[in-house]
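Q: Here it is, the structure in full.
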2 protein chains.
Amino acid sequence: MAKIDDVARLAGVSKGTVSNVFSQKRPTSKKVTEKVLQISKELNYVPNHIARSLVTKKTMAIGLTIPHGKFFFSVFHNQFINGVILEASNYGYRVLLDMIAAEEVKTPSLASYPIDGAIVLGPTEEDDRINLLYQNEIPFVTIGKIINKGLQGVSTVNNDNKQVIRDICDYLLGLGHRNIMFLNAGEQMTVSIERTEEFVRVLQEHGVMIQPGMIHYKPGIHSDKYIKYGYDETLHSVKNHTERPTAIIADDDRTAFSALNAINDAGLRVPEDISLFVICGDQSMMHQVRPSLTGMDLQPSELGVQSVRLLMHKLGILEGSYENNRIVPSKIIERNSCSSIQN
Amino acid sequence: MAKIDDVARLAGVSKGTVSNVFSQKRPTSKKVTEKVLQISKELNYVPNHIARSLVTKKTMAIGLTIPHGKFFFSVFHNQFINGVILEASNYGYRVLLDMIAAEEVKTPSLASYPIDGAIVLGPTEEDDRINLLYQNEIPFVTIGKIINKGLQGVSTVNNDNKQVIRDICDYLLGLGHRNIMFLNAGEQMTVSIERTEEFVRVLQEHGVMIQPGMIHYKPGIHSDKYIKYGYDETLHSVKNHTERPTAIIADDDRTAFSALNAINDAGLRVPEDISLFVICGDQSMMHQVRPSLTGMDLQPSELGVQSVRLLMHKLGILEGSYENNRIVPSKIIERNSCSSIQN
DNA sequence: CTGAAAGCGCTTACAG
DNA sequence: CTGAAAGCGCTTACAG
């Protein structure tokens, strides 16, 4: 590969000038510019990104750290990543997919991360990934709330989980439902905790007592119950004819499918007998299935876009003041799986 | 951030020695090793990845180039990427998500790609991304066949598209189906071309004439017909009671849903009236839906793993001889959407 | 608008 | 097993 010296020599200019033609950081005369460009094309020259990075201290890449595990990608993550890549490319940034494994954190014998900043997906309490970034002084943005008293100026992009649940409950209560079952996400996740709190609060505001068995949590990803989460819980509750729920809130589309199957297997129908609401699912899938599924649009792609923008602010690429905690709005998309209760 | 000079000075050794402690490329005495490690820990020192790359000419990153567009991520891509990341991390490699836009290719004013090799998803004929990689002398592996006479030693990982179609046809023919509708992928894709060829061949071998309207192609992603592909085609063919298909092969799960909806809307049932076969879909989704969908398991994750291995061979990381074109096997997963024809 | 030179933080023959 | 020095391919004050 040709290097800057080759181009400089053949173009009869200095290395600095060649550099400026490509970086545009200082003006170059039209004549010189053309000559340099022509020679570069002939030599198939392109500036070496690594060498440039070494002096500019910028890699023009952001890391997207994803939780370690085999099944980490959901449609939600998908769309999120989509938004991240698209927005990052607007600033000339590339995205480095990073799956920081636990072992890696313990043996930091590796070279420092070649990224300018990071976006952390699914942060947990005591998150090693975050500590690592913090130690290496790499600016980062987390998706979802992070509980960590030690760290200062942590930036977060998130849906308003409480508002989401409030909206859903208001919607179902408005349809006359009083007995609502909630198939929540994993118990240890901060999002689940917030949701449950708000779920209980809203229902109590409306004078609805929380019964045992009304709230369930998704089993761990390595549990064999993981894959059929929603089925047994629904079937069990539905068989109880006196107190059976008239509406079910499902964490994601897959859970909703399981619930739907259980309802059908019990000889009941959605939405005539039981309404079904999906918090987080693939919109086009929810649209195509019969009955089509009413649910929330959490705008994962927008979450991705906003997290990149926030990071760009922290990196000084984007100027102006900014809010360290951004909320991405969500809205209910009504389809055919919820109906008002028949008395 | 501390640098190698700081560590060397405080540890009372040369930079070269510090370098060796971290890289392990030359032996260091236990005493020196411990001292260096201790000082490094105190200073929070980690070798600078960029500086290292500049001299070693290795970035320890591979690029995953994905087609430009807003909806590029399907479940298939998902799982594929999953396999890529997991396998790459086994060799200490990171994955740079790259969405080479058309404009970018035209203005190569950007710095050379900081990657050691690349995996190209969804190559098309006359693919600018491939030309770019070729020009920059970056080793790459394509997923799916690439038609390009000019390039030598191109490596490819792929399913055996013809075998896939042959297996599917054999399966359906074995169930007694003779009138099979094929909802294929996009017309311009090499995979579609191969599939159609084989579809026609197998059916003709069994004495089945190809009728007009038996083979359809997925509209472009920006077409408004894209989202409902499969519905109109199915409804139209199903209404024709004398010649209606008894089996439908759908490119992906979404297309299958559309077909399923059309069949139901026409008052028919799957699989009693019409069998439905999915080529490429999310297995767990296909499992959960009712009726559960019989289809192919293309092992996208394995495709990812194999493409990384092949690339590692090309990079000289993995030794030994290797086959430049790898085939990942696929198998039929029988569920409840196909049944033998009732005469 | 352009050039000469120092320097970014490492690794790697070379020598011992 | 260790050190001194050159060099990886750029950018960037500094000077003109």
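Each chain of the structure tokens is named A, B, ... in the order shown, its residues numbered from 1; ligands are numbered from 1 in display order.
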Set the distance at 10 Å and use only C-alpha atoms (C1' of nucleotides): which residues neighbour segment 13-16 of chain C once local chain neighbours fewer than 5 positions away are removed? I'd like the list as a PyMOL selection string.
A: chain D and resi 2-6
Q: Taking the DSSP secondary structure from the backbone, can you list the residues of segment 89-337 of chain A that are strand (DSSP E or B), as a PyMOL selection string?
A: chain A and resi 94-98+117-121+140-143+155-159+180-186+215-218+247-252+275-280+294-297+325-328+331-333
Q: What are the closest atom pairs, with distances in Å to one decimal, for all residues of chain B lying within 10 Å of chain D? Consider only C-alpha atoms (C1' of nucleotides), order rows by chain and residue number, and present the result as a Markdown table.
A:
```
| residue | atom | partner | partner_atom | distance |
| --- | --- | --- | --- | --- |
| B:Val13 | CA | D:DT2 | C1' | 8.3 |
| B:Ser14 | CA | D:DG3 | C1' | 6.2 |
| B:Lys15 | CA | D:DG3 | C1' | 8.6 |
| B:Gly16 | CA | D:DG3 | C1' | 7.6 |
| B:Thr17 | CA | D:DT2 | C1' | 6.9 |
| B:Arg26 | CA | D:DC1 | C1' | 8.8 |
| B:Pro27 | CA | D:DC1 | C1' | 7.0 |
| B:Thr28 | CA | D:DC1 | C1' | 6.1 |
| B:Ser29 | CA | D:DC1 | C1' | 6.6 |
| B:Val32 | CA | D:DC1 | C1' | 9.8 |
| B:Ala51 | CA | D:DC8 | C1' | 8.6 |
| B:Arg52 | CA | D:DC8 | C1' | 9.1 |
| B:Ser53 | CA | D:DC8 | C1' | 8.7 |
| B:Leu54 | CA | D:DC8 | C1' | 5.3 |
| B:Val55 | CA | D:DC8 | C1' | 4.4 |
| B:Thr56 | CA | D:DC8 | C1' | 7.9 |
| B:Lys57 | CA | D:DC8 | C1' | 8.3 |
```
Q: Store the residues picked out above, limited to N, CA, C and O atoms, as a PDB file, in the first residue's frame.
A:
```pdb
ATOM      1  N   VAL B  13      13.155  -0.812  34.050  1.00  0.00           N
ATOM      2  CA  VAL B  13      13.495  -1.671  32.910  1.00  0.00           C
ATOM      3  C   VAL B  13      13.318  -0.867  31.615  1.00  0.00           C
ATOM      4  O   VAL B  13      12.903   0.286  31.653  1.00  0.00           O
ATOM      5  N   SER B  14      13.616  -1.497  30.493  1.00  0.00           N
ATOM      6  CA  SER B  14      13.454  -0.793  29.222  1.00  0.00           C
ATOM      7  C   SER B  14      12.025  -0.938  28.708  1.00  0.00           C
ATOM      8  O   SER B  14      11.277  -1.810  29.152  1.00  0.00           O
ATOM      9  N   LYS B  15      11.705  -0.102  27.752  1.00  0.00           N
ATOM     10  CA  LYS B  15      10.376  -0.182  27.148  1.00  0.00           C
ATOM     11  C   LYS B  15      10.151  -1.546  26.516  1.00  0.00           C
ATOM     12  O   LYS B  15       9.068  -2.123  26.603  1.00  0.00           O
ATOM     13  N   GLY B  16      11.200  -2.031  25.875  1.00  0.00           N
ATOM     14  CA  GLY B  16      11.093  -3.323  25.212  1.00  0.00           C
ATOM     15  C   GLY B  16      10.672  -4.418  26.173  1.00  0.00           C
ATOM     16  O   GLY B  16       9.854  -5.279  25.840  1.00  0.00           O
ATOM     17  N   THR B  17      11.203  -4.362  27.359  1.00  0.00           N
ATOM     18  CA  THR B  17      10.864  -5.376  28.345  1.00  0.00           C
ATOM     19  C   THR B  17       9.408  -5.264  28.779  1.00  0.00           C
ATOM     20  O   THR B  17       8.697  -6.266  28.887  1.00  0.00           O
ATOM     21  N   ARG B  26       8.424 -12.467  23.833  1.00  0.00           N
ATOM     22  CA  ARG B  26       9.733 -12.956  24.255  1.00  0.00           C
ATOM     23  C   ARG B  26       9.636 -13.221  25.743  1.00  0.00           C
ATOM     24  O   ARG B  26       8.881 -12.551  26.457  1.00  0.00           O
ATOM     25  N   PRO B  27      10.365 -14.201  26.222  1.00  0.00           N
ATOM     26  CA  PRO B  27      10.281 -14.533  27.647  1.00  0.00           C
ATOM     27  C   PRO B  27      10.837 -13.399  28.520  1.00  0.00           C
ATOM     28  O   PRO B  27      11.742 -12.676  28.109  1.00  0.00           O
ATOM     29  N   THR B  28      10.254 -13.264  29.688  1.00  0.00           N
ATOM     30  CA  THR B  28      10.772 -12.293  30.662  1.00  0.00           C
ATOM     31  C   THR B  28      10.926 -13.028  31.988  1.00  0.00           C
ATOM     32  O   THR B  28      10.167 -13.953  32.277  1.00  0.00           O
ATOM     33  N   SER B  29      11.888 -12.628  32.761  1.00  0.00           N
ATOM     34  CA  SER B  29      12.105 -13.297  34.036  1.00  0.00           C
ATOM     35  C   SER B  29      10.926 -13.055  34.959  1.00  0.00           C
ATOM     36  O   SER B  29      10.236 -12.047  34.850  1.00  0.00           O
ATOM     37  N   VAL B  32      11.126  -9.710  36.907  1.00  0.00           N
ATOM     38  CA  VAL B  32      10.820  -8.529  36.094  1.00  0.00           C
ATOM     39  C   VAL B  32       9.330  -8.469  35.759  1.00  0.00           C
ATOM     40  O   VAL B  32       8.692  -7.427  35.850  1.00  0.00           O
ATOM     41  N   ALA B  51      -1.266   2.274  18.925  1.00  0.00           N
ATOM     42  CA  ALA B  51       0.177   2.326  18.699  1.00  0.00           C
ATOM     43  C   ALA B  51       0.694   0.940  18.339  1.00  0.00           C
ATOM     44  O   ALA B  51       1.538   0.777  17.453  1.00  0.00           O
ATOM     45  N   ARG B  52       0.159  -0.025  19.023  1.00  0.00           N
ATOM     46  CA  ARG B  52       0.559  -1.400  18.735  1.00  0.00           C
ATOM     47  C   ARG B  52       0.189  -1.769  17.301  1.00  0.00           C
ATOM     48  O   ARG B  52       0.983  -2.355  16.561  1.00  0.00           O
ATOM     49  N   SER B  53      -1.028  -1.417  16.923  1.00  0.00           N
ATOM     50  CA  SER B  53      -1.491  -1.743  15.580  1.00  0.00           C
ATOM     51  C   SER B  53      -0.609  -1.123  14.505  1.00  0.00           C
ATOM     52  O   SER B  53      -0.369  -1.717  13.458  1.00  0.00           O
ATOM     53  N   LEU B  54      -0.143   0.078  14.778  1.00  0.00           N
ATOM     54  CA  LEU B  54       0.643   0.786  13.770  1.00  0.00           C
ATOM     55  C   LEU B  54       1.890  -0.007  13.399  1.00  0.00           C
ATOM     56  O   LEU B  54       2.256  -0.074  12.227  1.00  0.00           O
ATOM     57  N   VAL B  55       2.500  -0.612  14.377  1.00  0.00           N
ATOM     58  CA  VAL B  55       3.715  -1.354  14.042  1.00  0.00           C
ATOM     59  C   VAL B  55       3.452  -2.815  13.684  1.00  0.00           C
ATOM     60  O   VAL B  55       4.091  -3.352  12.785  1.00  0.00           O
ATOM     61  N   THR B  56       2.470  -3.428  14.326  1.00  0.00           N
ATOM     62  CA  THR B  56       2.217  -4.837  14.004  1.00  0.00           C
ATOM     63  C   THR B  56       1.410  -4.996  12.718  1.00  0.00           C
ATOM     64  O   THR B  56       1.333  -6.093  12.174  1.00  0.00           O
ATOM     65  N   LYS B  57       0.790  -3.941  12.271  1.00  0.00           N
ATOM     66  CA  LYS B  57      -0.059  -4.001  11.067  1.00  0.00           C
ATOM     67  C   LYS B  57      -1.267  -4.902  11.277  1.00  0.00           C
ATOM     68  O   LYS B  57      -1.779  -5.480  10.328  1.00  0.00           O
TER      69      LYS B  57
END
```
Q: Using only C-alpha atoms and a cut-off of 7 Å, which residues of chain B sit close to chain A? Please list them as JSON, numbers by chain.
A: {"B": [22, 46, 47, 48, 49, 50, 51, 53, 54, 73, 78, 94, 95, 96, 97, 98, 109, 111, 112, 113, 114, 257, 258, 288, 289]}
Q: Which of segment 7-220 of chain A counts as alpha helix (DSSP H) under DSSP, as a VMD selection string please?
A: chain A and resid 7 to 11 15 to 23 30 to 43 49 to 56 75 to 90 102 to 106 128 to 135 161 to 174 190 to 205
Q: Would you put the residues from that selection into a file with C-alpha atoms, as a compact mmCIF listing (two decimals), in the first residue's frame?
A:
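Below you can see again-v2.txt, which holds the result:
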```txt
# COMPACT_ATOMS: atom_id res chain seq x y z
CA VAL A 7 2.40 10.62 -2.71
CA ALA A 8 4.36 13.60 -1.42
CA ARG A 9 7.41 12.71 -3.44
CA LEU A 10 5.58 12.12 -6.68
CA ALA A 11 3.39 15.17 -6.26
CA LYS A 15 3.85 15.25 3.62
CA GLY A 16 2.06 17.95 5.54
CA THR A 17 0.43 19.20 2.41
CA VAL A 18 -0.76 15.77 1.38
CA SER A 19 -2.14 15.38 4.85
CA ASN A 20 -4.04 18.63 4.52
CA VAL A 21 -5.54 17.71 1.19
CA PHE A 22 -7.15 14.69 2.79
CA SER A 23 -8.00 16.06 6.20
CA LYS A 30 -6.57 24.20 -6.01
CA LYS A 31 -3.58 23.31 -8.09
CA VAL A 32 -1.84 21.38 -5.34
CA THR A 33 -5.05 19.68 -4.30
CA GLU A 34 -5.69 18.35 -7.74
CA LYS A 35 -2.16 17.16 -8.21
CA VAL A 36 -2.19 15.32 -4.90
CA LEU A 37 -5.56 13.75 -5.57
CA GLN A 38 -4.43 12.62 -8.99
CA ILE A 39 -1.26 11.01 -7.70
CA SER A 40 -3.19 9.41 -4.86
CA LYS A 41 -5.60 7.87 -7.27
CA GLU A 42 -2.77 6.55 -9.38
CA LEU A 43 -1.10 5.00 -6.37
CA HIS A 49 -6.43 5.17 9.71
CA ILE A 50 -4.30 3.71 12.46
CA ALA A 51 -1.44 6.13 12.03
CA ARG A 52 -3.86 8.99 12.00
CA SER A 53 -5.53 7.72 15.14
CA LEU A 54 -2.24 7.52 16.96
CA VAL A 55 -1.66 11.21 16.68
CA THR A 56 -5.20 12.55 16.72
CA VAL A 75 -35.77 -7.74 17.74
CA PHE A 76 -35.54 -4.88 20.17
CA HIS A 77 -31.75 -5.00 20.20
CA ASN A 78 -31.87 -5.34 16.50
CA GLN A 79 -33.69 -2.15 15.87
CA PHE A 80 -31.70 -0.44 18.51
CA ILE A 81 -28.44 -1.34 16.82
CA ASN A 82 -29.93 -0.26 13.57
CA GLY A 83 -30.51 3.20 14.98
CA VAL A 84 -27.03 3.31 16.46
CA ILE A 85 -25.25 2.44 13.24
CA LEU A 86 -27.27 4.82 11.14
CA GLU A 87 -26.80 7.75 13.47
CA ALA A 88 -23.14 7.02 14.14
CA SER A 89 -22.41 7.04 10.45
CA ASN A 90 -23.81 10.57 10.30
CA ALA A 102 -16.35 -11.61 32.53
CA GLU A 103 -12.92 -13.21 32.12
CA GLU A 104 -11.75 -10.36 30.01
CA VAL A 105 -12.51 -7.88 32.70
CA LYS A 106 -10.43 -9.82 35.15
CA ASP A 128 -17.96 -4.80 35.37
CA ARG A 129 -18.20 -3.39 31.90
CA ILE A 130 -19.05 0.01 33.29
CA ASN A 131 -16.24 -0.06 35.79
CA LEU A 132 -13.83 -0.94 33.04
CA LEU A 133 -14.96 1.93 30.87
CA TYR A 134 -14.80 4.26 33.79
CA GLN A 135 -11.28 3.19 34.65
CA ASN A 161 -40.63 2.64 32.26
CA LYS A 162 -43.03 3.93 34.84
CA GLN A 163 -44.90 6.04 32.33
CA VAL A 164 -45.10 3.05 30.00
CA ILE A 165 -46.77 0.92 32.65
CA ARG A 166 -49.01 3.76 33.72
CA ASP A 167 -50.16 4.24 30.14
CA ILE A 168 -50.83 0.56 29.70
CA CYS A 169 -52.75 0.26 32.95
CA ASP A 170 -54.79 3.37 32.19
CA TYR A 171 -55.62 1.92 28.81
CA LEU A 172 -56.75 -1.43 30.19
CA LEU A 173 -58.56 0.09 33.15
CA GLY A 174 -60.31 2.37 30.68
CA THR A 190 -33.96 -2.67 36.93
CA VAL A 191 -36.67 -2.24 34.32
CA SER A 192 -38.76 -4.97 35.92
CA ILE A 193 -38.48 -3.42 39.33
CA GLU A 194 -39.65 -0.07 38.09
CA ARG A 195 -42.50 -1.64 36.19
CA THR A 196 -43.77 -3.64 39.11
CA GLU A 197 -43.68 -0.63 41.41
CA GLU A 198 -45.72 1.43 39.03
CA PHE A 199 -48.09 -1.42 38.20
CA VAL A 200 -48.93 -1.84 41.86
CA ARG A 201 -49.25 1.88 42.40
CA VAL A 202 -51.61 2.52 39.50
CA LEU A 203 -53.85 -0.41 40.30
CA GLN A 204 -54.07 0.59 43.93
CA GLU A 205 -54.95 4.14 42.92
```
Q: Which value, in Å to one decimal, gives the distance between atom CA of Tyr91 of chain B and atom CA of Val141 of chain A?
A: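 The value is 27.8 Å.
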Q: When you draw a straight line from atom CA of Gly207 of chain A to atom CA of Leu276 of chain A, how long is it in Å?
A: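 These two atoms are separated by 21.7 Å.
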